[in-house]
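Asker: Input structure: my_file.cif, which contains mmCIF, C-alpha atoms.
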data_protein
loop_
_atom_site.group_PDB
_atom_site.id
_atom_site.type_symbol
_atom_site.label_atom_id
_atom_site.label_comp_id
_atom_site.auth_asym_id
_atom_site.auth_seq_id
_atom_site.Cartn_x
_atom_site.Cartn_y
_atom_site.Cartn_z
ATOM 1 C CA MET C 296 13.488 37.118 40.511
ATOM 2 C CA SER C 297 15.163 37.631 37.150
ATOM 3 C CA THR C 298 13.790 40.099 34.632
ATOM 4 C CA GLN C 299 12.068 38.991 31.437
ATOM 5 C CA ALA C 300 11.339 41.023 28.331
ATOM 6 C CA PRO C 301 7.661 41.227 27.270
ATOM 7 C CA THR C 302 6.359 38.332 25.140
ATOM 8 C CA PHE C 303 3.005 37.901 23.392
ATOM 9 C CA THR C 304 1.712 34.456 24.342
ATOM 10 C CA GLN C 305 -1.434 35.288 22.345
ATOM 11 C CA PRO C 306 -1.014 38.002 19.694
ATOM 12 C CA LEU C 307 -3.727 40.241 18.272
ATOM 13 C CA GLN C 308 -6.111 38.773 15.685
ATOM 14 C CA SER C 309 -7.513 40.711 12.712
ATOM 15 C CA VAL C 310 -11.218 41.575 12.926
ATOM 16 C CA VAL C 311 -13.925 41.902 10.272
ATOM 17 C CA ALA C 312 -16.870 43.779 11.770
ATOM 18 C CA LEU C 313 -20.246 44.797 10.441
ATOM 19 C CA GLU C 314 -20.867 48.512 10.503
ATOM 20 C CA GLY C 315 -22.582 49.486 13.757
ATOM 21 C CA SER C 316 -21.439 46.363 15.636
ATOM 22 C CA ALA C 317 -18.732 46.061 18.290
ATOM 23 C CA ALA C 318 -15.131 45.193 17.465
ATOM 24 C CA THR C 319 -12.703 43.788 20.043
ATOM 25 C CA PHE C 320 -8.919 43.331 19.946
ATOM 26 C CA GLU C 321 -7.339 41.113 22.611
ATOM 27 C CA ALA C 322 -3.781 39.971 23.414
ATOM 28 C CA GLN C 323 -2.080 37.987 26.195
ATOM 29 C CA ILE C 324 1.265 39.328 27.383
ATOM 30 C CA SER C 325 3.914 38.021 29.805
ATOM 31 C CA GLY C 326 7.018 39.740 31.202
ATOM 32 C CA ASN C 327 8.823 40.708 34.405
ATOM 33 C CA PRO C 328 8.442 43.287 35.690
ATOM 34 C CA VAL C 329 4.840 43.706 34.502
ATOM 35 C CA PRO C 330 5.030 45.646 31.230
ATOM 36 C CA GLU C 331 3.297 48.895 30.397
ATOM 37 C CA VAL C 332 0.840 48.707 27.492
ATOM 38 C CA SER C 333 0.154 51.283 24.759
ATOM 39 C CA TRP C 334 -2.243 51.129 21.777
ATOM 40 C CA PHE C 335 -1.713 52.584 18.304
ATOM 41 C CA ARG C 336 -3.835 53.126 15.229
ATOM 42 C CA ASP C 337 -2.012 53.406 11.896
ATOM 43 C CA GLY C 338 1.173 54.192 13.826
ATOM 44 C CA GLN C 339 -0.343 56.941 15.951
ATOM 45 C CA VAL C 340 -0.867 56.702 19.700
ATOM 46 C CA LEU C 341 -4.497 55.939 20.377
ATOM 47 C CA THR C 342 -6.213 58.475 22.636
ATOM 48 C CA ALA C 343 -9.737 58.893 23.947
ATOM 49 C CA ALA C 344 -10.135 61.948 21.744
ATOM 50 C CA ALA C 345 -9.083 60.054 18.633
ATOM 51 C CA LEU C 346 -11.407 57.160 19.356
ATOM 52 C CA PRO C 347 -14.436 58.270 21.413
ATOM 53 C CA GLY C 348 -16.202 55.486 23.326
ATOM 54 C CA ALA C 349 -13.289 53.027 23.062
ATOM 55 C CA GLN C 350 -12.578 50.927 26.164
ATOM 56 C CA ILE C 351 -8.981 49.973 26.977
ATOM 57 C CA SER C 352 -7.954 47.627 29.799
ATOM 58 C CA PHE C 353 -4.935 45.590 30.946
ATOM 59 C CA SER C 354 -5.203 43.041 33.758
ATOM 60 C CA ASP C 355 -3.403 39.769 34.565
ATOM 61 C CA GLY C 356 -1.466 40.000 31.325
ATOM 62 C CA ARG C 357 -4.629 40.439 29.228
ATOM 63 C CA ALA C 358 -4.770 43.596 27.079
ATOM 64 C CA VAL C 359 -8.152 44.507 25.537
ATOM 65 C CA LEU C 360 -9.347 47.260 23.173
ATOM 66 C CA MET C 361 -13.108 47.351 22.530
ATOM 67 C CA ILE C 362 -14.861 49.714 20.136
ATOM 68 C CA PRO C 363 -18.626 49.543 20.844
ATOM 69 C CA ALA C 364 -19.987 50.700 17.465
ATOM 70 C CA VAL C 365 -17.617 50.770 14.517
ATOM 71 C CA THR C 366 -17.968 52.738 11.322
ATOM 72 C CA ALA C 367 -16.083 52.626 8.042
ATOM 73 C CA ALA C 368 -13.802 55.347 9.441
ATOM 74 C CA HIS C 369 -12.506 52.944 12.091
ATOM 75 C CA SER C 370 -10.954 50.582 9.549
ATOM 76 C CA GLY C 371 -7.159 50.407 9.751
ATOM 77 C CA ARG C 372 -4.134 48.832 11.487
ATOM 78 C CA PHE C 373 -4.231 48.528 15.246
ATOM 79 C CA SER C 374 -1.156 47.737 17.359
ATOM 80 C CA VAL C 375 -0.397 47.105 21.003
ATOM 81 C CA ARG C 376 3.070 47.635 22.468
ATOM 82 C CA ALA C 377 4.318 46.149 25.753
ATOM 83 C CA THR C 378 7.403 47.667 27.428
ATOM 84 C CA ASN C 379 9.432 47.004 30.588
ATOM 85 C CA GLY C 380 13.033 47.430 31.790
ATOM 86 C CA ALA C 381 14.132 44.268 29.907
ATOM 87 C CA GLY C 382 12.742 45.240 26.503
ATOM 88 C CA GLN C 383 9.584 45.632 24.453
ATOM 89 C CA ALA C 384 7.330 43.722 22.025
ATOM 90 C CA THR C 385 4.599 44.735 19.561
ATOM 91 C CA SER C 386 1.625 42.928 17.977
ATOM 92 C CA THR C 387 -0.427 44.283 15.049
ATOM 93 C CA ALA C 388 -3.752 43.352 13.415
ATOM 94 C CA GLU C 389 -6.285 44.766 10.929
ATOM 95 C CA LEU C 390 -9.811 46.066 11.471
ATOM 96 C CA LEU C 391 -12.119 45.893 8.460
ATOM 97 C CA VAL C 392 -15.542 47.467 8.757
ATOM 98 C CA THR C 393 -18.081 46.469 6.116
ATOM 99 C CA ALA C 394 -21.731 47.118 5.398
ATOM 100 C CA GLU C 395 -22.113 43.697 3.831
ATOM 101 C CA THR C 396 -22.876 40.554 5.771
ATOM 102 C CA ALA C 397 -22.027 36.922 5.161
ATOM 103 C CA PRO C 398 -23.156 33.871 7.109
ATOM 104 C CA PRO C 399 -20.514 31.589 8.658
ATOM 105 C CA ASN C 400 -18.849 29.195 6.239
ATOM 106 C CA PHE C 401 -16.509 26.319 7.146
ATOM 107 C CA ILE C 402 -13.583 26.234 4.735
ATOM 108 C CA GLN C 403 -12.005 23.479 6.868
ATOM 109 C CA ARG C 404 -14.326 21.148 8.749
ATOM 110 C CA LEU C 405 -13.730 18.878 11.731
ATOM 111 C CA GLN C 406 -12.092 15.535 10.914
ATOM 112 C CA SER C 407 -12.862 12.252 12.732
ATOM 113 C CA MET C 408 -9.854 10.535 14.248
ATOM 114 C CA THR C 409 -8.708 7.569 16.330
ATOM 115 C CA VAL C 410 -5.881 8.046 18.837
ATOM 116 C CA ARG C 411 -4.138 6.109 21.593
ATOM 117 C CA GLN C 412 -4.721 6.805 25.260
ATOM 118 C CA GLY C 413 -2.410 9.543 26.550
ATOM 119 C CA SER C 414 -2.032 11.206 23.135
ATOM 120 C CA GLN C 415 -2.458 14.919 22.564
ATOM 121 C CA VAL C 416 -5.455 15.739 20.355
ATOM 122 C CA ARG C 417 -6.010 18.805 18.174
ATOM 123 C CA LEU C 418 -9.371 19.410 16.477
ATOM 124 C CA ASP C 419 -9.186 22.248 13.918
ATOM 125 C CA VAL C 420 -11.717 24.199 11.861
ATOM 126 C CA ARG C 421 -11.454 27.222 9.609
ATOM 127 C CA VAL C 422 -14.533 29.408 9.394
ATOM 128 C CA THR C 423 -15.300 32.765 7.793
ATOM 129 C CA GLY C 424 -18.234 35.158 8.052
ATOM 130 C CA ILE C 425 -19.186 38.854 8.241
ATOM 131 C CA PRO C 426 -19.307 39.911 10.932
ATOM 132 C CA ALA C 427 -16.751 37.495 12.426
ATOM 133 C CA PRO C 428 -18.690 34.520 13.788
ATOM 134 C CA VAL C 429 -18.766 33.392 17.408
ATOM 135 C CA VAL C 430 -17.285 29.891 17.504
ATOM 136 C CA LYS C 431 -18.054 27.294 20.186
ATOM 137 C CA PHE C 432 -16.993 23.664 20.665
ATOM 138 C CA TYR C 433 -19.263 20.902 22.018
ATOM 139 C CA ARG C 434 -18.965 17.269 23.109
ATOM 140 C CA GLU C 435 -22.132 15.176 23.014
ATOM 141 C CA GLY C 436 -24.113 18.437 22.870
ATOM 142 C CA ALA C 437 -22.481 20.002 25.959
ATOM 143 C CA GLU C 438 -20.431 23.175 25.433
ATOM 144 C CA ILE C 439 -16.727 22.865 26.206
ATOM 145 C CA GLN C 440 -15.223 25.644 28.312
ATOM 146 C CA SER C 441 -11.557 26.459 27.826
ATOM 147 C CA SER C 442 -9.450 24.991 30.657
ATOM 148 C CA ALA C 443 -6.083 23.384 31.349
ATOM 149 C CA ASP C 444 -7.354 20.071 29.930
ATOM 150 C CA PHE C 445 -9.431 21.465 27.038
ATOM 151 C CA GLN C 446 -7.946 24.603 25.543
ATOM 152 C CA ILE C 447 -9.693 26.617 22.801
ATOM 153 C CA VAL C 448 -7.397 28.840 20.726
ATOM 154 C CA GLN C 449 -7.890 31.096 17.706
ATOM 155 C CA ASP C 450 -5.458 32.166 15.012
ATOM 156 C CA GLY C 451 -7.250 34.299 12.416
ATOM 157 C CA ASP C 452 -9.960 32.125 10.877
ATOM 158 C CA LEU C 453 -8.441 28.968 12.443
ATOM 159 C CA TYR C 454 -10.143 27.726 15.615
ATOM 160 C CA SER C 455 -8.692 24.774 17.540
ATOM 161 C CA LEU C 456 -9.640 22.565 20.472
ATOM 162 C CA LEU C 457 -6.552 21.148 22.191
ATOM 163 C CA ILE C 458 -6.863 18.131 24.498
ATOM 164 C CA ALA C 459 -3.639 17.897 26.506
ATOM 165 C CA GLU C 460 -3.983 14.154 27.287
ATOM 166 C CA ALA C 461 -6.781 12.042 25.845
ATOM 167 C CA PHE C 462 -8.470 9.195 27.745
ATOM 168 C CA PRO C 463 -11.105 6.664 26.589
ATOM 169 C CA GLU C 464 -13.825 8.651 28.381
ATOM 170 C CA ASP C 465 -13.027 11.594 26.050
ATOM 171 C CA SER C 466 -14.345 9.566 23.093
ATOM 172 C CA GLY C 467 -17.571 10.781 21.534
ATOM 173 C CA THR C 468 -19.152 13.165 19.042
ATOM 174 C CA TYR C 469 -17.540 16.603 18.857
ATOM 175 C CA SER C 470 -19.096 19.545 17.070
ATOM 176 C CA VAL C 471 -18.371 23.193 16.339
ATOM 177 C CA SER C 472 -20.943 25.911 15.857
ATOM 178 C CA ALA C 473 -20.220 29.268 14.198
ATOM 179 C CA SER C 474 -22.871 31.981 14.318
ATOM 180 C CA ASN C 475 -23.265 35.648 13.468
ATOM 181 C CA SER C 476 -26.102 38.005 12.618
ATOM 182 C CA SER C 477 -26.407 36.426 9.165
ATOM 183 C CA GLY C 478 -26.689 32.793 10.142
ATOM 184 C CA ARG C 479 -25.238 29.722 11.789
ATOM 185 C CA ALA C 480 -23.170 26.739 10.642
ATOM 186 C CA THR C 481 -22.009 23.543 12.338
ATOM 187 C CA SER C 482 -19.407 20.842 11.756
ATOM 188 C CA THR C 483 -19.348 17.420 13.463
ATOM 189 C CA ALA C 484 -16.812 14.580 13.810
ATOM 190 C CA GLU C 485 -16.087 11.496 15.946
ATOM 191 C CA LEU C 486 -13.163 11.046 18.320
ATOM 192 C CA LEU C 487 -12.204 7.529 19.444
ATOM 193 C CA VAL C 488 -9.572 7.134 22.174
ATOM 194 C CA GLN C 489 -8.303 3.563 22.448
ATOM 195 C CA GLY C 490 -7.113 2.186 25.775
ATOM 196 C CA GLU C 491 -3.977 0.071 25.998
ATOM 197 C CA GLU C 492 -5.972 -3.193 26.065
ATOM 198 C CA GLU C 493 -7.633 -2.236 22.775
ATOM 199 C CA ALA C 494 -4.391 -1.943 20.874
ATOM 200 C CA VAL C 495 -4.458 -3.860 17.614
ATOM 201 C CA PRO C 496 -1.716 -6.553 17.518
ATOM 202 C CA ALA C 497 0.889 -6.122 14.879
ATOM 203 C CA LYS C 498 0.624 -8.400 11.888
ATOM 204 C CA LYS C 499 3.199 -11.148 11.467
ATOM 205 C CA PRO C 500 5.738 -10.213 8.814
ATOM 206 C CA LYS C 501 5.494 -12.409 5.772
ATOM 207 C CA THR C 502 8.577 -14.374 4.659
ATOM 208 C CA ILE C 503 9.331 -13.538 1.058
ATOM 209 C CA ILE C 504 11.169 -16.246 -0.925
ATOM 210 C CA SER C 505 12.926 -15.276 -4.094
ATOM 211 C CA ALA C 506 12.477 -17.149 -7.376
ATOM 212 C CA SER C 507 16.017 -18.532 -7.116
ATOM 213 C CA GLN C 508 15.276 -19.965 -3.643
ATOM 214 C CA ILE C 509 12.105 -21.639 -4.929
ATOM 215 C CA SER C 510 14.001 -23.122 -7.898
ATOM 216 C CA GLN C 511 16.788 -24.452 -5.618
ATOM 217 C CA THR C 512 14.215 -26.037 -3.285
ATOM 218 C CA ARG C 513 12.463 -27.790 -6.167
ATOM 219 C CA GLN C 514 15.815 -29.067 -7.535
ATOM 220 C CA THR C 515 16.721 -30.517 -4.136
ATOM 221 C CA ARG C 516 13.364 -32.295 -3.914
ATOM 222 C CA VAL C 517 13.826 -33.840 -7.394
ATOM 223 C CA GLU C 518 17.344 -35.037 -6.545
ATOM 224 C CA LYS C 519 16.116 -36.671 -3.329
ATOM 225 C CA ARG C 520 13.315 -38.462 -5.172
ATOM 226 C CA MET C 521 15.705 -39.804 -7.848
ATOM 227 C CA GLU C 522 18.173 -40.956 -5.178
ATOM 228 C CA ALA C 523 15.431 -42.797 -3.320
ATOM 229 C CA HIS C 524 14.289 -44.408 -6.581
ATOM 230 C CA TYR C 525 17.781 -45.674 -7.385
ATOM 231 C CA GLU C 526 18.216 -47.087 -3.892
ATOM 232 C CA ALA C 527 14.900 -48.924 -4.106
ATOM 233 C CA THR C 528 15.800 -50.321 -7.555
ATOM 234 C CA ALA C 529 19.216 -51.460 -6.372
ATOM 235 C CA MET C 530 17.614 -53.598 -3.691
ATOM 236 C CA MET C 531 15.499 -55.578 -6.122
ATOM 237 C CA HIS C 532 16.643 -58.885 -7.619
ATOM 238 C CA MET C 533 15.170 -62.183 -8.549
ATOM 239 C CA GLN C 534 16.073 -65.140 -6.394
ATOM 240 C CA VAL C 535 14.467 -68.478 -5.940
ATOM 241 C CA GLU C 536 14.880 -69.941 -2.498
ATOM 242 C CA GLY C 537 12.644 -72.558 -0.971
ATOM 243 C CA GLY C 538 9.807 -71.675 -3.379
ATOM 244 C CA VAL C 539 9.854 -67.921 -2.391
ATOM 245 C CA VAL C 540 10.436 -65.344 -5.151
ATOM 246 C CA THR C 541 12.552 -62.249 -4.266
ATOM 247 C CA LYS C 542 13.514 -59.386 -6.658
ATOM 248 C CA GLN C 543 17.100 -58.122 -6.746
ATOM 249 C CA LEU C 544 19.433 -56.699 -9.369
ATOM 250 C CA ALA C 545 21.963 -59.284 -10.491
ATOM 251 C CA HIS C 546 24.802 -56.792 -10.945
ATOM 252 C CA LYS C 547 24.441 -55.368 -7.416
ATOM 253 C CA THR C 548 24.395 -58.468 -5.194
ATOM 254 C CA PRO C 549 25.684 -61.934 -6.278
ATOM 255 C CA PRO C 550 22.943 -64.544 -6.324
ATOM 256 C CA ARG C 551 22.904 -67.060 -3.560
ATOM 257 C CA VAL C 552 23.761 -70.655 -4.398
ATOM 258 C CA PRO C 553 21.350 -73.187 -2.941
ATOM 259 C CA PRO C 554 23.061 -75.130 -0.162
ATOM 260 C CA LYS C 555 23.956 -78.753 -0.685
ATOM 261 C CA PRO C 556 21.610 -81.163 1.005
ATOM 262 C CA THR C 557 22.983 -82.428 4.295
ATOM 263 C CA SER C 558 21.110 -85.678 4.312
ATOM 264 C CA LYS C 559 21.354 -88.540 1.891
ATOM 265 C CA SER C 560 17.596 -88.694 1.494
ATOM 266 C CA PRO C 561 16.317 -88.168 -2.054
ATOM 267 C CA PRO C 562 15.247 -84.567 -2.944
ATOM 268 C CA SER C 563 11.636 -83.800 -2.332
ATOM 269 C CA GLN C 564 9.143 -83.585 -5.143
ATOM 270 C CA VAL C 565 8.546 -79.847 -4.417
ATOM 271 C CA THR C 566 12.225 -79.029 -4.888
ATOM 272 C CA LYS C 567 12.255 -80.838 -8.257
ATOM 273 C CA VAL C 568 9.204 -78.917 -9.453
ATOM 274 C CA SER C 569 10.690 -75.580 -8.398
ATOM 275 C CA ALA C 570 13.936 -76.309 -10.180
ATOM 276 C CA ALA C 571 12.119 -77.449 -13.294
ATOM 277 C CA ARG C 572 10.017 -74.250 -13.448
ATOM 278 C CA GLN C 573 12.986 -71.882 -13.158
ATOM 279 C CA GLN C 574 13.707 -70.475 -16.649
ATOM 280 C CA SER C 575 15.497 -67.271 -15.607
ATOM 281 C CA PRO C 576 18.787 -66.523 -17.377
ATOM 282 C CA SER C 577 20.216 -65.717 -13.979
ATOM 283 C CA PRO C 578 23.857 -66.712 -13.583
ATOM 284 C CA VAL C 579 22.840 -68.846 -10.617
ATOM 285 C CA ARG C 580 24.552 -72.222 -10.928
ATOM 286 C CA HIS C 581 22.349 -75.082 -9.724
ATOM 287 C CA VAL C 582 24.166 -77.957 -8.058
ATOM 288 C CA LYS C 583 22.416 -81.273 -7.680
ATOM 289 C CA GLY C 584 22.892 -83.219 -4.511
ATOM 290 C CA PRO C 585 24.511 -86.709 -4.695
ATOM 291 C CA THR C 586 22.289 -89.613 -5.489
ATOM 292 C CA PRO C 587 21.659 -91.575 -2.340
ATOM 293 C CA THR C 588 22.898 -95.159 -2.307
ATOM 294 C CA PRO C 589 20.164 -97.689 -1.673
ATOM 295 C CA VAL C 590 20.564 -99.564 1.565
ATOM 296 C CA ARG C 591 20.649 -103.285 1.248
#
Here is the file; what I need is its structure written in the form of structure tokens.
Answerer:
Amino acid sequence: MSTQAPTFTQPLQSVVALEGSAATFEAQISGNPVPEVSWFRDGQVLTAAALPGAQISFSDGRAVLMIPAVTAAHSGRFSVRATNGAGQATSTAELLVTAETAPPNFIQRLQSMTVRQGSQVRLDVRVTGIPAPVVKFYREGAEIQSSADFQIVQDGDLYSLLIAEAFPEDSGTYSVSASNSSGRATSTAELLVQGEEEAVPAKKPKTIISASQISQTRQTRVEKRMEAHYEATAMMHMQVEGGVVTKQLAHKTPPRVPPKPTSKSPPSQVTKVSAARQQSPSPVRHVKGPTPTPVR
């Protein structure tokens, strides 16, 4: 197996502790071969004589320093160094011991969100308090334990719940509680995980027509109407034929001339009346049929 220099997968976090309470520093370290761990306070190697009652442990990559009852004299910079044949790494944090207390206060609260199935979810809060509050996450009132699917991480005053892959059954009310000796505070939000069948269909894109396109369309419509009007007008003319009146423009189609009678019988009375009533200045030339010769 290849060697690997030490790496802090979870570095030390600064601690604010109330005088007389316990203070704990913790770090997660990886490396191959397994690194050796050393603790320092203000740059000096930490020994049992320098810090009576302190408990130091390192197991499965987890390095812990616990001071059972801190005093103002314990305040300072604490460091942990990990070393192996491939290299070394160091993480540092502060310890502040105070006689004052402050109840937990959320400076960043949980935010409700809606996500798609299969998405990664991160729920964050920022909370302060003296001594440092104990923070826990809940879903529907049940405490969430850190696991591969639901991971709880801390970075200073930032606490996060990471859901590796969200499913609809993960929907619900999530809450965070922060408590210390001075009080307790909570923050609540809703998480909705939508399945694939609940996806909202995309809206149809609207077709946007410019002012010039609208103007051109209107012009085309007007031209078509005028053309249709002219065609209809051109088909109209006045013509008298067999007592039926038809409208037509004289200059478009020549008027029809009434046909000459084929028989020698005298014109009917209706034809005479129609001819007598026609007063139109039409250029129609009326031709009278020949007068029939009486038969002896």
Asker: Just give me the gap between atom CA of Gln323 of chain C and atom CA of Met361 of chain C in Å, one decimal is fine.
Answerer: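 About the pair atom CA of Gln323 of chain C and atom CA of Met361 of chain C: they are 14.9 Å apart.
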Asker: Could you check how far atom CA of Pro328 of chain C sits from atom CA of Thr302 of chain C, in Å to one decimal?
Answerer: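 Atom CA of Thr302 of chain C lies at a distance of 11.8 Å from atom CA of Pro328 of chain C.
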Asker: Residues within 10 Å of Pro301 of chain C, please, as a list in words. Count all atoms listed in the file; anything in the same chain fewer than 3 positions from it doesn't count.
Answerer: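 Counting only the stated atoms, we get Thr298, Thr304, Ile324, Ser325, Gly326, Asn327, Pro328, Val329, Pro330, Glu331, Arg376, Ala377, Thr378, Asn379, Gly380, Ala381, Gly382, Gln383, Ala384 and Thr385 of chain C.
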Asker: Here's the selection I'm unsure about, the PyMOL selection byres ((chain C and resi 342-352) around 12); applied to the file above, which residues does it give, as a ChimeraX atom specification?
Answerer: /C:317-323,331-337,339-341,353-366,368-370,373,375
Asker: Just give me the gap between atom CA of Ala443 of chain C and atom CA of Glu460 of chain C in Å, one decimal is fine.
Answerer: 10.3 Å
Asker: Pull the neighbourhood of (-15.7, 32.6, 17.2) for me: all residues within 12 Å in file coordinates, counting only C-alpha atoms, as a ChimeraX atom specification.
Answerer: /C:308,310-311,319,399-401,420-432,447-455,471-475,479-480
